[in-house]
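File shown: upload_2.pdb. Contents: PDB, C-alpha atoms and all ligand atoms.
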ATOM      1  CA  MET Z  15      -4.831  32.110  -5.389  1.00  0.00           C
ATOM      2  CA  HIS Z  16      -6.039  31.371  -8.914  1.00  0.00           C
ATOM      3  CA  GLU Z  17      -9.492  30.319  -7.656  1.00  0.00           C
ATOM      4  CA  LEU Z  18     -10.259  33.654  -6.007  1.00  0.00           C
ATOM      5  CA  GLY Z  19      -9.889  35.643  -9.237  1.00  0.00           C
ATOM      6  CA  LEU Z  20     -12.108  33.201 -11.111  1.00  0.00           C
ATOM      7  CA  ILE Z  21     -14.742  33.235  -8.405  1.00  0.00           C
ATOM      8  CA  ARG Z  22     -14.784  37.030  -8.270  1.00  0.00           C
ATOM      9  CA  ASN Z  23     -15.588  37.169 -11.974  1.00  0.00           C
ATOM     10  CA  VAL Z  24     -18.481  34.724 -11.864  1.00  0.00           C
ATOM     11  CA  LEU Z  25     -19.811  36.142  -8.618  1.00  0.00           C
ATOM     12  CA  GLU Z  26     -19.828  39.618 -10.136  1.00  0.00           C
ATOM     13  CA  ARG Z  27     -21.909  38.298 -13.024  1.00  0.00           C
ATOM     14  CA  ALA Z  28     -24.287  36.503 -10.625  1.00  0.00           C
ATOM     15  CA  LEU Z  29     -24.739  39.706  -8.630  1.00  0.00           C
ATOM     16  CA  GLU Z  30     -25.509  41.677 -11.790  1.00  0.00           C
ATOM     17  CA  ILE Z  31     -28.290  39.196 -12.541  1.00  0.00           C
ATOM     18  CA  ALA Z  32     -29.624  39.483  -8.977  1.00  0.00           C
ATOM     19  CA  GLU Z  33     -29.575  43.276  -9.186  1.00  0.00           C
ATOM     20  CA  ALA Z  34     -31.318  43.220 -12.545  1.00  0.00           C
ATOM     21  CA  HIS Z  35     -34.140  41.258 -10.897  1.00  0.00           C
ATOM     22  CA  GLY Z  36     -34.931  43.675  -8.103  1.00  0.00           C
ATOM     23  CA  SER Z  37     -31.891  42.816  -5.982  1.00  0.00           C
ATOM     24  CA  LEU Z  38     -33.278  39.472  -4.864  1.00  0.00           C
ATOM     25  CA  PRO Z  39     -30.906  37.486  -2.666  1.00  0.00           C
ATOM     26  CA  VAL Z  40     -29.028  34.756  -4.467  1.00  0.00           C
ATOM     27  CA  GLU Z  41     -29.891  31.269  -3.273  1.00  0.00           C
ATOM     28  CA  SER Z  42     -27.378  29.348  -5.341  1.00  0.00           C
ATOM     29  CA  VAL Z  43     -24.810  29.831  -8.060  1.00  0.00           C
ATOM     30  CA  HIS Z  44     -24.216  27.120 -10.658  1.00  0.00           C
ATOM     31  CA  LEU Z  45     -21.112  27.015 -12.826  1.00  0.00           C
ATOM     32  CA  ARG Z  46     -19.615  24.929 -15.558  1.00  0.00           C
ATOM     33  CA  VAL Z  47     -15.911  24.486 -15.028  1.00  0.00           C
ATOM     34  CA  GLY Z  48     -13.564  22.952 -17.558  1.00  0.00           C
ATOM     35  CA  ASP Z  49     -11.072  20.424 -16.245  1.00  0.00           C
ATOM     36  CA  TYR Z  50      -8.309  22.475 -17.877  1.00  0.00           C
ATOM     37  CA  GLN Z  51      -8.878  25.130 -15.205  1.00  0.00           C
ATOM     38  CA  ASN Z  52      -7.334  22.735 -12.660  1.00  0.00           C
ATOM     39  CA  ILE Z  53      -9.690  23.878  -9.967  1.00  0.00           C
ATOM     40  CA  VAL Z  54      -8.976  22.679  -6.456  1.00  0.00           C
ATOM     41  CA  PRO Z  55     -12.509  22.127  -5.108  1.00  0.00           C
ATOM     42  CA  GLU Z  56     -11.665  23.058  -1.514  1.00  0.00           C
ATOM     43  CA  LEU Z  57      -9.981  26.294  -2.581  1.00  0.00           C
ATOM     44  CA  PHE Z  58     -12.830  27.067  -4.922  1.00  0.00           C
ATOM     45  CA  SER Z  59     -15.436  26.726  -2.152  1.00  0.00           C
ATOM     46  CA  PHE Z  60     -13.242  28.684   0.218  1.00  0.00           C
ATOM     47  CA  ALA Z  61     -12.774  31.478  -2.326  1.00  0.00           C
ATOM     48  CA  PHE Z  62     -16.522  31.638  -2.863  1.00  0.00           C
ATOM     49  CA  GLU Z  63     -17.193  31.886   0.855  1.00  0.00           C
ATOM     50  CA  ALA Z  64     -14.686  34.724   1.111  1.00  0.00           C
ATOM     51  CA  ALA Z  65     -15.965  36.603  -1.936  1.00  0.00           C
ATOM     52  CA  ARG Z  66     -19.710  36.410  -1.171  1.00  0.00           C
ATOM     53  CA  VAL Z  67     -19.504  38.211   2.204  1.00  0.00           C
ATOM     54  CA  ASP Z  68     -21.713  41.321   2.363  1.00  0.00           C
ATOM     55  CA  THR Z  69     -23.216  40.767  -1.065  1.00  0.00           C
ATOM     56  CA  LEU Z  70     -26.633  39.607  -2.258  1.00  0.00           C
ATOM     57  CA  ALA Z  71     -25.030  36.174  -2.421  1.00  0.00           C
ATOM     58  CA  ALA Z  72     -23.987  36.130   1.247  1.00  0.00           C
ATOM     59  CA  ASP Z  73     -26.046  32.973   1.905  1.00  0.00           C
ATOM     60  CA  ALA Z  74     -25.712  31.423  -1.521  1.00  0.00           C
ATOM     61  CA  THR Z  75     -24.420  27.957  -2.160  1.00  0.00           C
ATOM     62  CA  LEU Z  76     -22.050  27.149  -4.993  1.00  0.00           C
ATOM     63  CA  THR Z  77     -22.248  24.113  -7.215  1.00  0.00           C
ATOM     64  CA  TRP Z  78     -20.428  23.309 -10.400  1.00  0.00           C
ATOM     65  CA  GLU Z  79     -20.345  20.717 -13.079  1.00  0.00           C
ATOM     66  CA  SER Z  80     -17.012  19.768 -14.571  1.00  0.00           C
ATOM     67  CA  VAL Z  81     -16.512  19.791 -18.298  1.00  0.00           C
ATOM     68  CA  PRO Z  82     -13.973  17.209 -19.501  1.00  0.00           C
ATOM     69  CA  LEU Z  83     -11.196  18.138 -21.900  1.00  0.00           C
ATOM     70  CA  LYS Z  84     -11.773  17.670 -25.569  1.00  0.00           C
ATOM     71  CA  VAL Z  85      -9.008  18.341 -28.063  1.00  0.00           C
ATOM     72  CA  GLN Z  86      -8.596  18.240 -31.806  1.00  0.00           C
ATOM     73  CA  CYS Z  87      -5.519  16.737 -33.395  1.00  0.00           C
ATOM     74  CA  ASP Z  88      -3.573  19.372 -35.346  1.00  0.00           C
ATOM     75  CA  ASN Z  89      -2.429  16.726 -37.768  1.00  0.00           C
ATOM     76  CA  CYS Z  90      -5.497  14.662 -38.726  1.00  0.00           C
ATOM     77  CA  LYS Z  91      -8.258  16.752 -37.071  1.00  0.00           C
ATOM     78  CA  THR Z  92      -9.607  13.853 -35.001  1.00  0.00           C
ATOM     79  CA  LEU Z  93     -11.534  15.007 -31.949  1.00  0.00           C
ATOM     80  CA  TYR Z  94     -10.709  13.078 -28.795  1.00  0.00           C
ATOM     81  CA  MET Z  95     -10.758  13.253 -25.020  1.00  0.00           C
ATOM     82  CA  PRO Z  96      -7.227  12.872 -23.662  1.00  0.00           C
ATOM     83  CA  GLU Z  97      -6.929  10.320 -20.897  1.00  0.00           C
ATOM     84  CA  SER Z  98      -3.767  11.780 -19.443  1.00  0.00           C
ATOM     85  CA  LEU Z  99      -1.814  15.020 -19.383  1.00  0.00           C
ATOM     86  CA  ILE Z 100       0.024  13.899 -22.476  1.00  0.00           C
ATOM     87  CA  TRP Z 101      -2.166  14.283 -25.488  1.00  0.00           C
ATOM     88  CA  ASN Z 102      -1.835  11.480 -27.988  1.00  0.00           C
ATOM     89  CA  CYS Z 103      -4.125  11.334 -30.967  1.00  0.00           C
ATOM     90  CA  LEU Z 104      -6.094   8.098 -31.073  1.00  0.00           C
ATOM     91  CA  THR Z 105      -5.842   8.007 -34.845  1.00  0.00           C
ATOM     92  CA  CYS Z 106      -2.343   9.169 -35.779  1.00  0.00           C
ATOM     93  CA  ALA Z 107      -0.585   9.310 -32.358  1.00  0.00           C
ATOM     94  CA  SER Z 108       0.449  12.935 -32.890  1.00  0.00           C
ATOM     95  CA  ASN Z 109       0.703  14.899 -29.658  1.00  0.00           C
ATOM     96  CA  ALA Z 110       0.030  18.254 -31.303  1.00  0.00           C
ATOM     97  CA  ALA Z 111      -3.536  19.204 -30.579  1.00  0.00           C
ATOM     98  CA  THR Z 112      -5.721  22.195 -29.863  1.00  0.00           C
ATOM     99  CA  LEU Z 113      -8.036  22.400 -26.894  1.00  0.00           C
ATOM    100  CA  VAL Z 114     -11.640  22.773 -28.029  1.00  0.00           C
ATOM    101  CA  GLU Z 115     -13.515  22.151 -24.781  1.00  0.00           C
ATOM    102  CA  GLY Z 116     -12.633  22.095 -21.115  1.00  0.00           C
ATOM    103  CA  ASN Z 117     -11.140  25.558 -20.684  1.00  0.00           C
ATOM    104  CA  GLU Z 118     -14.380  27.253 -19.771  1.00  0.00           C
ATOM    105  CA  LEU Z 119     -15.457  28.679 -16.483  1.00  0.00           C
ATOM    106  CA  VAL Z 120     -18.923  30.010 -17.010  1.00  0.00           C
ATOM    107  CA  LEU Z 121     -21.883  30.963 -14.941  1.00  0.00           C
ATOM    108  CA  ASP Z 122     -24.514  28.478 -16.028  1.00  0.00           C
ATOM    109  CA  HIS Z 123     -27.351  29.901 -13.973  1.00  0.00           C
ATOM    110  CA  VAL Z 124     -28.217  31.461 -10.655  1.00  0.00           C
ATOM    111  CA  VAL Z 125     -31.218  30.748  -8.467  1.00  0.00           C
ATOM    112  CA  LEU Z 126     -32.701  33.782  -6.752  1.00  0.00           C
ATOM    113  CA  GLN Z 127     -34.822  33.744  -3.628  1.00  0.00           C
ATOM    114  CA  GLU Z 128     -38.394  34.778  -4.231  1.00  0.00           C
ATOM    115  CA  PRO Z 129     -39.547  37.820  -2.322  1.00  0.00           C
ATOM    116  CA  GLU Z 130     -42.014  36.795   0.385  1.00  0.00           C
ATOM    117  CA  THR Z 131     -44.612  39.112  -1.041  1.00  0.00           C
ATOM    118  CA  ALA Z 132     -44.560  37.456  -4.446  1.00  0.00           C
ATOM    119  CA  VAL Z 133     -48.019  36.316  -5.403  1.00  0.00           C
ATOM    120  CA  ALA Z 134     -47.415  34.786  -8.780  1.00  0.00           C
ATOM    121  CA  ASP Z 135     -45.058  31.938  -9.412  1.00  0.00           C
ATOM    122  CA  THR Z 136     -45.075  30.124  -6.111  1.00  0.00           C
ATOM    123  CA  GLN Z 137     -43.359  27.128  -7.654  1.00  0.00           C
ATOM    124  CA  GLY Z 138     -40.189  27.900  -5.759  1.00  0.00           C
ATOM    125  CA  ALA Z 139     -37.251  29.982  -6.759  1.00  0.00           C
ATOM    126  CA  SER Z 140     -36.913  31.236 -10.275  1.00  0.00           C
ATOM    127  CA  VAL Z 141     -33.985  30.222 -12.367  1.00  0.00           C
ATOM    128  CA  TRP Z 142     -32.391  32.884 -14.466  1.00  0.00           C
ATOM    129  CA  LYS Z 143     -30.339  31.682 -17.347  1.00  0.00           C
ATOM    130  CA  SER Z 144     -27.356  33.893 -17.805  1.00  0.00           C
ATOM    131  CA  ARG Z 145     -27.060  33.241 -21.504  1.00  0.00           C
TER     132      ARG Z 145
HETATM  133 ZN    ZN Z 201      -4.252  12.743 -35.327  1.00  0.00          ZN
END

Could you express the structure from this file as structure tokens?
Amino acid sequence: MHELGLIRNVLERALEIAEAHGSLPVESVHLRVGDYQNIVPELFSFAFEAARVDTLAADATLTWESVPLKVQCDNCKTLYMPESLIWNCLTCASNAATLVEGNELVLDHVVLQEPETAVADTQGASVWKSR
């Protein structure tokens, strides 16, 4: 299952962030997923539920934002968003193009649960940007 490998990678990164912040439990994991990844949402959620067991993210929720494909024509360098699986340049109709966006699968941020003893920052959970 393609989704499980992808999830393991991002979950590992999320857990590193949690550990770096005093091993706070992870409340939610937020990703950006390019459409080129062909993620099946049900499998993705299922893979996450399987991978998070017995980790700091055991109760975490997963959300993701899809990133549409953007390609650049190899011939005339026009940037366009293909409307189908067949890429056809809007300017010169060439179907040779290079993917420039939409292949990513990145951890956008994780939300960690605040420790109950925290005095400062009672505005809710902190958001840690991963990059
Ligand atoms: Zn073109």

Neighbourhood of ligand ZN 201 (chain Z) at 12 Å, counting only C-alpha atoms and all ligand atoms, reported as a list in words: Val85, Gln86, Cys87, Asp88, Asn89, Cys90, Lys91, Thr92, Leu93, Tyr94, Trp101, Asn102, Cys103, Leu104, Thr105, Cys106, Ala107, Ser108, Asn109, Ala110, Ala111 and Thr112 of chain Z

From Z:Ser37, Z:Glu63, Z:Ser98, Z:Leu126, residue lying nearest Ile21 (chain Z) [all atoms listed in the file]: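 Ranked by minimum distance to Ile21 (chain Z), first place goes to Z:Glu63.
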
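Here the PyMOL selection byres (((chain Z and resi 62) around 9) and not hetatm) catches exactly these residues: Glu17, Leu18, Ile21, Arg22, Leu25, Leu57, Phe58, Ser59, Phe60, Ala61, Glu63, Ala64, Ala65, Arg66, Val67, Thr75 and Leu76 of chain Z.
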
Could you dump the residues just selected with C-alpha atoms as a PDB file, in the coordinates of the input?
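result-v7.pdb written:
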ATOM      1  CA  GLU Z  17      -9.492  30.319  -7.656  1.00  0.00           C
ATOM      2  CA  LEU Z  18     -10.259  33.654  -6.007  1.00  0.00           C
ATOM      3  CA  ILE Z  21     -14.742  33.235  -8.405  1.00  0.00           C
ATOM      4  CA  ARG Z  22     -14.784  37.030  -8.270  1.00  0.00           C
ATOM      5  CA  LEU Z  25     -19.811  36.142  -8.618  1.00  0.00           C
ATOM      6  CA  LEU Z  57      -9.981  26.294  -2.581  1.00  0.00           C
ATOM      7  CA  PHE Z  58     -12.830  27.067  -4.922  1.00  0.00           C
ATOM      8  CA  SER Z  59     -15.436  26.726  -2.152  1.00  0.00           C
ATOM      9  CA  PHE Z  60     -13.242  28.684   0.218  1.00  0.00           C
ATOM     10  CA  ALA Z  61     -12.774  31.478  -2.326  1.00  0.00           C
ATOM     11  CA  GLU Z  63     -17.193  31.886   0.855  1.00  0.00           C
ATOM     12  CA  ALA Z  64     -14.686  34.724   1.111  1.00  0.00           C
ATOM     13  CA  ALA Z  65     -15.965  36.603  -1.936  1.00  0.00           C
ATOM     14  CA  ARG Z  66     -19.710  36.410  -1.171  1.00  0.00           C
ATOM     15  CA  VAL Z  67     -19.504  38.211   2.204  1.00  0.00           C
ATOM     16  CA  THR Z  75     -24.420  27.957  -2.160  1.00  0.00           C
ATOM     17  CA  LEU Z  76     -22.050  27.149  -4.993  1.00  0.00           C
TER      18      LEU Z  76
END

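When only C-alpha atoms are used to compute distances to Gln51 (chain Z), the closest of the residues Z:Leu83, Z:Val124, Z:Ala71, Z:Ile100 turns out to be Z:Leu83.
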
Selection dump of the PyMOL selection byres (((chain Z and resi 79) around 9) and not hetatm), as a VMD selection string: chain Z and resid 44 to 48 77 to 78 80 to 81

Just write the chosen residues, C-alpha atoms, as a PDB file, keeping the file's coordinate frame.
ATOM      1  CA  HIS Z  44     -24.216  27.120 -10.658  1.00  0.00           C
ATOM      2  CA  LEU Z  45     -21.112  27.015 -12.826  1.00  0.00           C
ATOM      3  CA  ARG Z  46     -19.615  24.929 -15.558  1.00  0.00           C
ATOM      4  CA  VAL Z  47     -15.911  24.486 -15.028  1.00  0.00           C
ATOM      5  CA  GLY Z  48     -13.564  22.952 -17.558  1.00  0.00           C
ATOM      6  CA  THR Z  77     -22.248  24.113  -7.215  1.00  0.00           C
ATOM      7  CA  TRP Z  78     -20.428  23.309 -10.400  1.00  0.00           C
ATOM      8  CA  SER Z  80     -17.012  19.768 -14.571  1.00  0.00           C
ATOM      9  CA  VAL Z  81     -16.512  19.791 -18.298  1.00  0.00           C
TER      10      VAL Z  81
END
